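Working notes, beginning with the structure itself.
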Amino acid sequence: QERYLYANPTWLNQYGLKLDDILGKTIRELFPDNAAQISPRDRKVVENRSIVEFVYSEELPDGEHEFWVKKFPIPDASGDVEFVIGMEIDITERKLAEDTLRNNEQRLRLLTDNLTALIFNVDGDLCYRFVNRTFEEWNCIDEGSALGKPMAEVMGAEALAQLAPLALRALDGEHVKFERTVSYAAGTRTVSANMAPDFGEDGSVRGFYGLANDISEHKNAEDALKFTQFSLDNAA
């Protein structure tokens with residue numbers, strides 16, 4: 001019959017209700033706007049004798065809230081469902097934080113994708129949490145395919161051998177600056193790079209950020225200038 005028999009004080013306060021307000025009332029009587037969302041799930045618990053989980057939105061006095069709900073059946077002696085018990089958690093703040101983080105990541109991606117520098121972030125296990133388009137182009141990989149994967153899998157053994165000692169220093173909390181010739185999938189490049197530790201609130205290193213600029217043309221020009229100077233000196 002979908003009638004309320006009990007609710008704890010937290011749930012009652014959330015809706016500004018008292019226990020007497022809900023006893024014997026149906027979902028449609030108490031929440032006419034959300035009955036269409038809730039009732040089918042309650043019936044599913046009864047009909048399938050199974051646990052049901054879902055997320056739904058509810059308009060409260062302080063604004064719209066989002067809830068995670070888990071409902072499970074309580075059988076009688078014959079095995080038929082006698083009661084449905086529900087557990088409800090307000091996930092509004094968590095969802096807002098997730099949405100904010102997602103929007104920030106999108107803005108960061110938009111910004112870094114328009115830079116010629118390679119930019120990335122790895123966690124303490126050297127797995128990628130963020131890479132920009134230049135990183136993907138230098139490593140000849142599809143957009144987003146590096147995320148969650150270890151450096152060794154994405155960059156290959158040769159490049160990792162060149163960068164691993166530096167990465168370990170960054171994980172030890174050192175800000176590492178270097179110039180090095182690195183073998184990327186798209187070709188060998190001479191880079192001027194930084195690896196900066198990513199410190200957590202407790203001061204521990206949870207990974208590091210990397211930035212590399214391709215200075216191959218500059219180095220080639222510099223080497224050509226040195227060779228020319230050497231040739232002139234010998235000719236003299």
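Residue numbering restarts at 1 in every chain; chains get A, B, ... in the order shown in the structure tokens, and ligands count up from 1 in that same order.
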Item checked: region 3-224 of chain A: residues DSSP assigns to helix (DSSP H, G or I), reported as an MDAnalysis selection string -> chainID A and resid 9:15 19:22 27:30 35:48 92:112 133:138 151:155 157:171 216:224
Item checked: strand (DSSP E or B) positions in region 150-192 of chain A, given as a list in words ->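 Taking region 150-192 of chain A and keeping strand (DSSP E or B) only, one gets Pro150, Val176, Lys177, Phe178, Glu179, Arg180, Thr181, Val182, Ser183, Tyr184, Gly187, Thr188, Arg189, Thr190, Val191 and Ser192 of chain A.
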Those same residues, written as a PDB file, in the first residue's frame with C-alpha atoms?
ATOM      1  CA  PRO A 150      51.213   4.432 -15.938  1.00  0.00           C
ATOM      2  CA  VAL A 176      63.500  19.136 -10.925  1.00  0.00           C
ATOM      3  CA  LYS A 177      64.663  21.261 -13.870  1.00  0.00           C
ATOM      4  CA  PHE A 178      66.524  19.766 -16.804  1.00  0.00           C
ATOM      5  CA  GLU A 179      67.356  19.818 -20.513  1.00  0.00           C
ATOM      6  CA  ARG A 180      67.404  16.444 -22.194  1.00  0.00           C
ATOM      7  CA  THR A 181      66.868  14.731 -25.533  1.00  0.00           C
ATOM      8  CA  VAL A 182      63.857  12.430 -25.208  1.00  0.00           C
ATOM      9  CA  SER A 183      62.555   9.793 -27.637  1.00  0.00           C
ATOM     10  CA  TYR A 184      58.816  10.406 -28.011  1.00  0.00           C
ATOM     11  CA  GLY A 187      60.055  11.786 -32.832  1.00  0.00           C
ATOM     12  CA  THR A 188      63.069  12.722 -30.781  1.00  0.00           C
ATOM     13  CA  ARG A 189      62.965  16.175 -29.199  1.00  0.00           C
ATOM     14  CA  THR A 190      65.324  18.191 -27.066  1.00  0.00           C
ATOM     15  CA  VAL A 191      63.258  19.620 -24.225  1.00  0.00           C
ATOM     16  CA  SER A 192      63.649  22.150 -21.449  1.00  0.00           C
TER      17      SER A 192
END
Next item on the list: Give me, please, the distance in Å between CA of Met195 (chain A) and CA of Leu211 (chain A), quoted to one decimal.
Entry: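 Separating CA of Met195 (chain A) from CA of Leu211 (chain A) is a distance of 6.6 Å.
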Margin query: Could you check the closest approach to Val46 (chain A) for each of A:Leu118, A:Met155, A:Cys140, A:Val84 and tell me which residue wins, using only C-alpha atoms?
Written below: A:Val84
Notebook entry, point to check: For the atom pair CA of Leu110 (chain A) and CA of Arg133 (chain A), what is the interatomic distance in Å to one decimal place?
Noted result: 9.4 Å
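Distances to Ala7 (chain A) were evaluated for A:Ala157, A:Ala146, A:Leu19, A:Val205 using only C-alpha atoms, and the minimum falls at A:Leu19.
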Next item on the list: Record the distance separating CA of Ala159 (chain A) and CA of Ala186 (chain A), expressed in Å with one decimal.
Entry: 11.7 Å
So that I can see what lies close to Asp113 (chain A), please list as a PDB file with N, CA, C and O atoms, in the first residue's frame the residues with an atom at most 8 Å from it, counting only C-alpha atoms and leaving out residues fewer than 2 positions away in the same chain.
ATOM      1  N   ARG A 109      41.775  22.167 -19.428  1.00  0.00           N
ATOM      2  CA  ARG A 109      42.060  21.498 -20.697  1.00  0.00           C
ATOM      3  C   ARG A 109      42.010  22.497 -21.847  1.00  0.00           C
ATOM      4  O   ARG A 109      42.883  22.490 -22.724  1.00  0.00           O
ATOM      5  N   LEU A 110      40.988  23.360 -21.855  1.00  0.00           N
ATOM      6  CA  LEU A 110      40.852  24.359 -22.912  1.00  0.00           C
ATOM      7  C   LEU A 110      42.060  25.280 -22.933  1.00  0.00           C
ATOM      8  O   LEU A 110      42.595  25.619 -24.004  1.00  0.00           O
ATOM      9  N   LEU A 111      42.516  25.690 -21.755  1.00  0.00           N
ATOM     10  CA  LEU A 111      43.668  26.584 -21.670  1.00  0.00           C
ATOM     11  C   LEU A 111      44.936  25.892 -22.122  1.00  0.00           C
ATOM     12  O   LEU A 111      45.680  26.415 -22.966  1.00  0.00           O
ATOM     13  N   LEU A 115      48.445  25.699 -25.731  1.00  0.00           N
ATOM     14  CA  LEU A 115      49.856  25.957 -25.484  1.00  0.00           C
ATOM     15  C   LEU A 115      50.705  24.965 -26.257  1.00  0.00           C
ATOM     16  O   LEU A 115      50.307  23.821 -26.465  1.00  0.00           O
ATOM     17  N   THR A 116      51.883  25.397 -26.694  1.00  0.00           N
ATOM     18  CA  THR A 116      52.772  24.492 -27.428  1.00  0.00           C
ATOM     19  C   THR A 116      53.562  23.604 -26.482  1.00  0.00           C
ATOM     20  O   THR A 116      54.146  22.606 -26.903  1.00  0.00           O
ATOM     21  N   ASN A 132      47.752  17.334 -21.613  1.00  0.00           N
ATOM     22  CA  ASN A 132      47.181  18.252 -22.597  1.00  0.00           C
ATOM     23  C   ASN A 132      47.363  17.707 -24.012  1.00  0.00           C
ATOM     24  O   ASN A 132      47.923  16.621 -24.226  1.00  0.00           O
ATOM     25  N   ARG A 133      46.877  18.444 -24.987  1.00  0.00           N
ATOM     26  CA  ARG A 133      46.879  17.969 -26.372  1.00  0.00           C
ATOM     27  C   ARG A 133      48.301  17.787 -26.897  1.00  0.00           C
ATOM     28  O   ARG A 133      48.572  16.831 -27.640  1.00  0.00           O
ATOM     29  N   THR A 134      49.208  18.678 -26.512  1.00  0.00           N
ATOM     30  CA  THR A 134      50.587  18.546 -26.969  1.00  0.00           C
ATOM     31  C   THR A 134      51.187  17.225 -26.488  1.00  0.00           C
ATOM     32  O   THR A 134      51.899  16.543 -27.233  1.00  0.00           O
TER      33      THR A 134
END
Checklist line | Among the residues A:Leu166, A:Val55, A:Leu171, A:Ala193, the one that comes closest to Ala212 (chain A) [using only C-alpha atoms] | finding: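 Checking each candidate against Ala212 (chain A), we get A:Ala193 as the closest.
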Margin query: Ranking A:Phe208, A:Tyr128, A:Tyr15, A:Phe83 by minimum distance to Pro61 (chain A) and counting only C-alpha atoms, which one comes first?
Written below: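 Smallest separation from Pro61 (chain A) among the options: A:Tyr15.
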Next item on the list: Compare A:Lys71, A:Leu160, A:Gln37, A:Tyr6 by their minimum atom-to-atom distance to Leu23 (chain A), counting only C-alpha atoms, and give me the closest one.
Entry: A:Tyr6
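Taking only C-alpha atoms, the non-local environment of Glu53 (chain A) within 9 Å (same-chain residues fewer than 3 positions away omitted) comprises Arg41, Trp68, Val69, Lys70, Lys71 and Phe72 of chain A.
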For the selection you just gave me, I'd like the residues written to a file as a PDB file, in the first residue's frame, keeping all heavy atoms.
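Dumped to again_1.pdb:
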ATOM      1  N   ARG A  41      10.008   2.391  -8.038  1.00  0.00           N
ATOM      2  CA  ARG A  41      11.164   1.728  -7.444  1.00  0.00           C
ATOM      3  C   ARG A  41      10.750   0.899  -6.224  1.00  0.00           C
ATOM      4  O   ARG A  41      11.278  -0.187  -5.988  1.00  0.00           O
ATOM      5  CB  ARG A  41      12.215   2.752  -7.064  1.00  0.00           C
ATOM      6  CG  ARG A  41      13.083   3.163  -8.258  1.00  0.00           C
ATOM      7  CD  ARG A  41      13.171   4.630  -8.416  1.00  0.00           C
ATOM      8  NE  ARG A  41      14.054   4.990  -9.525  1.00  0.00           N
ATOM      9  CZ  ARG A  41      14.309   6.244  -9.877  1.00  0.00           C
ATOM     10  NH1 ARG A  41      13.754   7.237  -9.212  1.00  0.00           N
ATOM     11  NH2 ARG A  41      15.097   6.510 -10.884  1.00  0.00           N
ATOM     12  N   TRP A  68      20.954  10.131  -2.749  1.00  0.00           N
ATOM     13  CA  TRP A  68      21.208   8.731  -3.074  1.00  0.00           C
ATOM     14  C   TRP A  68      20.335   7.901  -2.151  1.00  0.00           C
ATOM     15  O   TRP A  68      20.326   8.113  -0.938  1.00  0.00           O
ATOM     16  CB  TRP A  68      22.678   8.392  -2.859  1.00  0.00           C
ATOM     17  CG  TRP A  68      22.967   6.916  -2.994  1.00  0.00           C
ATOM     18  CD1 TRP A  68      23.170   6.219  -4.141  1.00  0.00           C
ATOM     19  CD2 TRP A  68      23.077   5.965  -1.926  1.00  0.00           C
ATOM     20  NE1 TRP A  68      23.398   4.899  -3.858  1.00  0.00           N
ATOM     21  CE2 TRP A  68      23.350   4.705  -2.505  1.00  0.00           C
ATOM     22  CE3 TRP A  68      22.967   6.063  -0.533  1.00  0.00           C
ATOM     23  CZ2 TRP A  68      23.519   3.558  -1.742  1.00  0.00           C
ATOM     24  CZ3 TRP A  68      23.127   4.915   0.227  1.00  0.00           C
ATOM     25  CH2 TRP A  68      23.408   3.680  -0.371  1.00  0.00           C
ATOM     26  N   VAL A  69      19.590   6.962  -2.734  1.00  0.00           N
ATOM     27  CA  VAL A  69      18.618   6.166  -1.968  1.00  0.00           C
ATOM     28  C   VAL A  69      18.875   4.680  -2.184  1.00  0.00           C
ATOM     29  O   VAL A  69      19.146   4.239  -3.311  1.00  0.00           O
ATOM     30  CB  VAL A  69      17.172   6.499  -2.395  1.00  0.00           C
ATOM     31  CG1 VAL A  69      16.176   5.684  -1.581  1.00  0.00           C
ATOM     32  CG2 VAL A  69      16.899   7.992  -2.239  1.00  0.00           C
ATOM     33  N   LYS A  70      18.800   3.927  -1.100  1.00  0.00           N
ATOM     34  CA  LYS A  70      18.887   2.471  -1.169  1.00  0.00           C
ATOM     35  C   LYS A  70      17.681   1.892  -0.445  1.00  0.00           C
ATOM     36  O   LYS A  70      17.424   2.223   0.710  1.00  0.00           O
ATOM     37  CB  LYS A  70      20.176   1.978  -0.518  1.00  0.00           C
ATOM     38  CG  LYS A  70      20.396   0.470  -0.631  1.00  0.00           C
ATOM     39  CD  LYS A  70      21.781   0.097  -0.110  1.00  0.00           C
ATOM     40  CE  LYS A  70      22.068  -1.377  -0.333  1.00  0.00           C
ATOM     41  NZ  LYS A  70      23.441  -1.738   0.101  1.00  0.00           N
ATOM     42  N   LYS A  71      16.931   1.030  -1.126  1.00  0.00           N
ATOM     43  CA  LYS A  71      15.744   0.423  -0.535  1.00  0.00           C
ATOM     44  C   LYS A  71      15.857  -1.096  -0.621  1.00  0.00           C
ATOM     45  O   LYS A  71      16.301  -1.630  -1.638  1.00  0.00           O
ATOM     46  CB  LYS A  71      14.474   0.908  -1.235  1.00  0.00           C
ATOM     47  CG  LYS A  71      14.239   2.410  -1.054  1.00  0.00           C
ATOM     48  CD  LYS A  71      12.826   2.824  -1.352  1.00  0.00           C
ATOM     49  CE  LYS A  71      12.577   4.273  -0.958  1.00  0.00           C
ATOM     50  NZ  LYS A  71      11.168   4.675  -1.119  1.00  0.00           N
ATOM     51  N   PHE A  72      15.468  -1.750   0.458  1.00  0.00           N
ATOM     52  CA  PHE A  72      15.578  -3.211   0.471  1.00  0.00           C
ATOM     53  C   PHE A  72      14.365  -3.819   1.164  1.00  0.00           C
ATOM     54  O   PHE A  72      13.738  -3.205   2.038  1.00  0.00           O
ATOM     55  CB  PHE A  72      16.880  -3.669   1.134  1.00  0.00           C
ATOM     56  CG  PHE A  72      17.194  -3.005   2.433  1.00  0.00           C
ATOM     57  CD1 PHE A  72      16.831  -3.585   3.636  1.00  0.00           C
ATOM     58  CD2 PHE A  72      17.869  -1.781   2.462  1.00  0.00           C
ATOM     59  CE1 PHE A  72      17.140  -2.978   4.837  1.00  0.00           C
ATOM     60  CE2 PHE A  72      18.175  -1.169   3.670  1.00  0.00           C
ATOM     61  CZ  PHE A  72      17.801  -1.776   4.860  1.00  0.00           C
TER      62      PHE A  72
END
Next item on the list: Write out as a list in words which residues come within 12 Å of Val45 (chain A) when counting only C-alpha atoms, dropping same-chain ones fewer than 3 positions away.
Entry: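 What passes the distance filter is Glu2, Ile38, Ser39, Pro40, Arg41, Asp42, Asn48, Arg49, Ser50, Ile51, Val52, Glu53, Phe54, Lys70, Lys71, Phe72, Pro73, Ile74, Pro75, Asp80, Val81, Glu82, Phe83, Val84, Ile85 and Gly86 of chain A.
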